[in-house]
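**Q** Quick one, run_24.txt (compact mmCIF, C-alpha atoms):
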```txt
# COMPACT_ATOMS: atom_id res chain seq x y z
CA TYR A 1 32.67 21.91 0.89
CA PRO A 2 34.07 18.93 -0.95
CA PRO A 3 33.82 19.37 -4.73
CA ILE A 4 33.54 15.60 -5.19
CA SER A 5 32.59 12.83 -2.78
CA LEU A 6 32.15 9.09 -2.96
CA MET A 7 29.98 7.01 -0.65
CA GLN A 8 29.55 3.27 -0.46
CA ILE A 9 26.02 2.28 0.52
CA GLU A 10 25.08 -1.16 1.79
CA MET A 11 21.33 -1.75 1.57
CA ALA A 12 19.56 -4.62 3.34
CA PRO A 13 17.02 -6.64 1.34
CA ARG A 14 13.99 -4.46 0.43
CA ALA A 15 15.50 -1.40 2.22
CA THR A 16 14.46 1.99 0.84
CA ILE A 17 16.13 5.36 0.48
CA ASP A 18 13.07 7.61 0.62
CA LEU A 19 12.09 10.11 -2.07
CA HIS A 20 14.52 13.07 -1.96
CA ASP A 21 16.13 15.75 -4.11
CA HIS A 22 19.75 16.75 -4.80
CA ARG A 23 19.95 20.52 -4.50
CA HIS A 24 23.19 22.05 -5.80
CA TYR A 25 24.82 18.79 -6.83
CA ASN A 26 24.93 16.07 -9.48
CA GLY A 27 25.12 12.36 -8.79
CA VAL A 28 25.95 8.99 -10.28
CA LEU A 29 24.64 5.86 -8.58
CA VAL A 30 26.49 2.65 -9.56
CA THR A 31 25.31 -0.80 -8.53
CA VAL A 32 28.22 -3.00 -7.41
CA ALA A 33 26.25 -6.03 -6.18
CA GLY A 34 22.62 -7.03 -5.86
CA SER A 35 19.93 -4.87 -7.42
CA VAL A 36 17.94 -1.69 -6.78
CA ARG A 37 14.85 -0.17 -8.30
CA CYS A 38 15.57 3.48 -9.05
CA ARG A 39 12.78 5.91 -9.87
CA ASN A 40 13.68 9.43 -11.05
CA PHE A 41 11.44 12.50 -11.15
CA ASP A 42 11.47 16.18 -12.14
CA ILE A 43 9.55 19.07 -10.60
CA VAL A 44 6.60 20.10 -12.80
CA GLN A 45 6.40 23.86 -12.93
CA SER A 46 2.89 25.24 -12.80
CA ASP A 47 1.63 27.89 -15.21
CA GLY A 48 3.49 31.14 -14.69
CA GLN A 49 6.05 29.50 -12.39
CA ARG A 50 9.66 29.70 -13.56
CA LEU A 51 11.95 28.07 -11.02
CA ASP A 52 15.67 27.79 -11.67
CA VAL A 53 15.95 24.26 -10.24
CA ALA A 54 19.66 24.06 -11.12
CA ALA A 55 20.23 27.13 -8.91
CA GLY A 56 18.39 25.45 -6.02
CA GLU A 57 15.00 27.12 -6.46
CA ALA A 58 12.10 24.87 -5.51
CA PRO A 59 8.43 25.12 -4.55
CA GLY A 60 7.92 26.43 -1.02
CA LYS A 61 7.69 24.35 2.13
CA GLY A 62 4.11 23.43 2.98
CA ASP A 63 3.02 23.75 -0.65
CA ASP A 64 1.86 20.67 -2.53
CA PHE A 65 3.36 20.43 -6.00
CA LEU A 66 3.68 17.91 -8.81
CA ILE A 67 6.61 15.81 -9.93
CA ARG A 68 6.83 13.75 -13.13
CA GLN A 69 8.37 10.28 -13.17
CA ASN A 70 10.99 10.06 -15.94
CA ALA A 71 12.54 6.69 -15.18
CA ASP A 72 11.67 3.48 -13.33
CA VAL A 73 14.51 0.99 -13.80
CA VAL A 74 16.09 -1.96 -12.02
CA LEU A 75 19.84 -1.50 -11.73
CA ARG A 76 21.99 -4.62 -11.45
CA ALA A 77 25.75 -4.99 -10.89
CA GLY A 78 27.60 -2.71 -13.30
CA SER A 79 24.63 -0.51 -14.23
CA ARG A 80 24.11 3.11 -13.19
CA SER A 81 21.69 5.97 -12.84
CA THR A 82 22.59 9.64 -13.18
CA LEU A 83 20.98 12.87 -12.08
CA THR A 84 21.84 16.53 -12.44
CA ARG A 85 20.77 19.66 -10.62
CA ASP A 86 17.82 20.01 -13.02
CA ARG A 87 17.29 16.56 -14.62
CA ASP A 88 16.00 13.50 -12.77
CA ASN A 89 16.98 15.40 -9.61
CA ILE A 90 14.46 13.68 -7.34
CA HIS A 91 14.71 9.95 -6.81
CA LEU A 92 13.73 6.93 -4.72
CA VAL A 93 15.92 3.84 -4.37
CA GLU A 94 14.61 0.41 -3.27
CA ALA A 95 16.91 -2.58 -2.76
CA GLY A 96 16.01 -5.91 -4.31
CA GLU A 97 15.35 -9.15 -2.45
CA ASP A 98 19.10 -9.80 -1.97
CA GLY A 99 19.97 -6.25 -0.91
CA ALA A 100 22.53 -4.13 -2.73
CA THR A 101 25.94 -2.51 -2.58
CA LEU A 102 26.06 0.88 -4.29
CA LEU A 103 28.63 3.56 -5.01
CA ASP A 104 27.29 7.11 -4.98
CA PHE A 105 29.46 9.80 -6.63
CA PHE A 106 28.54 13.46 -6.04
CA THR A 107 29.81 16.71 -7.56
CA TYR A 108 28.94 19.73 -5.42
CA PHE A 109 28.39 23.25 -6.75
CA SER A 110 27.67 25.09 -3.49
CA PRO A 111 28.33 24.81 0.23
CA MET A 112 24.51 24.77 0.54
CA ALA A 113 24.32 21.41 -1.28
CA ARG A 114 22.07 18.94 0.50
CA SER A 115 19.04 16.72 0.04
CA TYR A 116 15.49 17.26 1.23
CA GLU A 117 12.97 14.47 1.68
CA LEU A 118 9.51 14.59 0.16
CA ALA A 119 6.22 13.35 1.57
CA TRP A 120 3.94 11.46 -0.81
CA ASP A 121 1.56 8.53 -0.86
CA GLY A 122 3.22 6.87 -3.88
CA LYS A 123 -0.01 6.91 -5.88
CA ALA A 124 -0.11 8.67 -9.23
CA PHE A 125 -2.10 11.91 -9.30
CA ASP A 126 -2.32 11.53 -13.10
CA GLU A 127 -1.22 8.04 -14.16
CA ALA A 128 -1.24 8.73 -17.90
CA ARG A 129 1.23 11.61 -17.46
CA GLN A 130 3.14 9.92 -14.58
CA LEU A 131 2.43 12.84 -12.21
CA TYR A 132 2.60 12.58 -8.41
CA LYS A 133 1.60 15.08 -5.74
CA VAL A 134 4.30 15.75 -3.13
CA ALA A 135 5.40 18.23 -0.44
CA TRP A 136 8.73 18.85 1.28
CA LYS A 137 9.21 17.24 4.68
CA ASP A 138 11.99 19.55 5.91
CA ALA A 139 12.92 22.09 3.23
```
Translate this structure into structure tokens?
**A**
Amino acid sequence: YPPISLMQIEMAPRATIDLHDHRHYNGVLVTVAGSVRCRNFDIVQSDGQRLDVAAGEAPGKGDDFLIRQNADVVLRAGSRSTLTRDRDNIHLVEAGEDGATLLDFFTYFSPMARSYELAWDGKAFDEARQLYKVAWKDA
């Protein structure tokens, strides 16, 4: 597996990269042109649950679970968003009205590194605590 990779992403106006995680790798998203809204989330562990998210542990497929929104920012040319294996690891990216050009840097820690999409309705389960109910689409 490549220890480091770089991808250039061209996003059409209002295009979306759906909610997904980053199991076994860290990332840095840099906006080169245009703008994107980037929302980052963490898995909320239920009582008695102790998942090692950095090691790739996650709630099971078919199980609803909660995530907490930690950031909701608009990135413009020159700004960035970061995520690690256990911080802000889930995110959603939405291009602005003029689209966007992004650079995505990844550092991989395992040959099993990959992303899994999440299903959600986008509505807060608990707005005051920024909690959302989700489930894996293909984990």
**Q** Smallest atom-to-atom distance to Ser115 of chain A: which of A:Asp138, A:Glu127, A:Asp21, A:Glu10, using all atoms listed in the file?
**A**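 Closest candidate: A:Asp21.
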**Q** Which one is closest to Thr84 of chain A: A:Ile17, A:Cys38, A:Gly56, A:Ile9? Count all atoms listed in the file.
**A**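 Nearest to Thr84 of chain A: A:Gly56.
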**Q** How many Å lie between atom CA of Met112 of chain A and atom CA of Arg23 of chain A, rounded to one decimal?
**A** 8.0 Å
**Q** For atom CA of Gln49 of chain A and atom CA of Leu92 of chain A, quote the distance in Å rounded to one decimal.
**A**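 Computing it gives 25.0 Å between the two atoms.
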**Q** Quick one: of A:Asp18, A:Glu94, A:Asp64, A:Asp86, who's nearest to Asp52 of chain A, counting all atoms listed in the file?
**A**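 So, comparing all the options, the nearest one is A:Asp86.
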**Q** For atom CA of Met11 of chain A and atom CA of Ala100 of chain A, determine how far apart the two atoms are, in Å to one decimal place.
**A**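 Straight-line distance from atom CA of Met11 of chain A to atom CA of Ala100 of chain A works out to 5.1 Å.
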**Q** Taking into account all atoms listed in the file, which residue in the set A:Arg87, A:Lys123, A:Lys61, A:Arg50 is nearest to His22 of chain A?
**A** A:Arg87
**Q** Tell me, as a ChimeraX atom specification, which residues lie within 7 Å of Tyr116 of chain A, counting only C-alpha atoms; anything in the same chain fewer than 2 positions away does not count.
**A** /A:20-21,114,118,136,138-139
**Q** Got a sec: who's within 12 Å of Leu66 of chain A, counting only C-alpha atoms, leaving out chain neighbours fewer than 2 positions off, as a PDB file with C-alpha atoms, in the coordinates of the input?
**A**
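The new file part31.pdb reads:
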```pdb
ATOM      1  CA  PHE A  41      11.440  12.500 -11.150  1.00  0.00           C
ATOM      2  CA  ASP A  42      11.470  16.180 -12.140  1.00  0.00           C
ATOM      3  CA  ILE A  43       9.550  19.070 -10.600  1.00  0.00           C
ATOM      4  CA  VAL A  44       6.600  20.100 -12.800  1.00  0.00           C
ATOM      5  CA  GLN A  45       6.400  23.860 -12.930  1.00  0.00           C
ATOM      6  CA  SER A  46       2.890  25.240 -12.800  1.00  0.00           C
ATOM      7  CA  ALA A  58      12.100  24.870  -5.510  1.00  0.00           C
ATOM      8  CA  PRO A  59       8.430  25.120  -4.550  1.00  0.00           C
ATOM      9  CA  ASP A  63       3.020  23.750  -0.650  1.00  0.00           C
ATOM     10  CA  ASP A  64       1.860  20.670  -2.530  1.00  0.00           C
ATOM     11  CA  ARG A  68       6.830  13.750 -13.130  1.00  0.00           C
ATOM     12  CA  GLN A  69       8.370  10.280 -13.170  1.00  0.00           C
ATOM     13  CA  ILE A  90      14.460  13.680  -7.340  1.00  0.00           C
ATOM     14  CA  LEU A 118       9.510  14.590   0.160  1.00  0.00           C
ATOM     15  CA  ALA A 119       6.220  13.350   1.570  1.00  0.00           C
ATOM     16  CA  TRP A 120       3.940  11.460  -0.810  1.00  0.00           C
ATOM     17  CA  LYS A 123      -0.010   6.910  -5.880  1.00  0.00           C
ATOM     18  CA  ALA A 124      -0.110   8.670  -9.230  1.00  0.00           C
ATOM     19  CA  PHE A 125      -2.100  11.910  -9.300  1.00  0.00           C
ATOM     20  CA  ASP A 126      -2.320  11.530 -13.100  1.00  0.00           C
ATOM     21  CA  ARG A 129       1.230  11.610 -17.460  1.00  0.00           C
ATOM     22  CA  GLN A 130       3.140   9.920 -14.580  1.00  0.00           C
ATOM     23  CA  LEU A 131       2.430  12.840 -12.210  1.00  0.00           C
ATOM     24  CA  TYR A 132       2.600  12.580  -8.410  1.00  0.00           C
ATOM     25  CA  LYS A 133       1.600  15.080  -5.740  1.00  0.00           C
ATOM     26  CA  VAL A 134       4.300  15.750  -3.130  1.00  0.00           C
ATOM     27  CA  ALA A 135       5.400  18.230  -0.440  1.00  0.00           C
ATOM     28  CA  TRP A 136       8.730  18.850   1.280  1.00  0.00           C
TER      29      TRP A 136
END
```
**Q** Env of Gly96 of chain A: 12 Å cut, atoms = only C-alpha atoms, seq-sep filter 2 positions within chain, self excluded. Answer as an MDAnalysis selection string.
**A** chainID A and resid 10:16 31 33:38 73:77 93:94 98:101
**Q** Scan for residues within 7 Å of the point (24.7, 18.8, -8.5) in the coordinates of the file, using only C-alpha atoms, and reply as a list in words.
**A**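 Checking each residue against the 7 Å limit leaves His22, Arg23, His24, Tyr25, Asn26, Gly27, Thr84, Arg85, Thr107, Tyr108 and Phe109 of chain A.
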**Q** With distances taken over all atoms listed in the file, which of A:Gly48, A:Leu19, A:Gly78, A:Leu83 is nearest to Phe106 of chain A?
**A** A:Leu83
**Q** Which is closer to Leu102 of chain A than all the others in A:Ala55, A:Gly60, A:Arg80, A:Asp72, using only C-alpha atoms?
**A**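 Nearest to Leu102 of chain A: A:Arg80.
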**Q** Around segment 40-58 of chain A, with edges along x, y and z and 8 Å added on all six sides, what centre and edge lengths do you get, in Å to one decimal, as JSON?
**A**
```
{"center_x": 10.9, "center_y": 20.3, "center_z": -10.4, "size_x": 34.6, "size_y": 37.7, "size_z": 25.7}
```
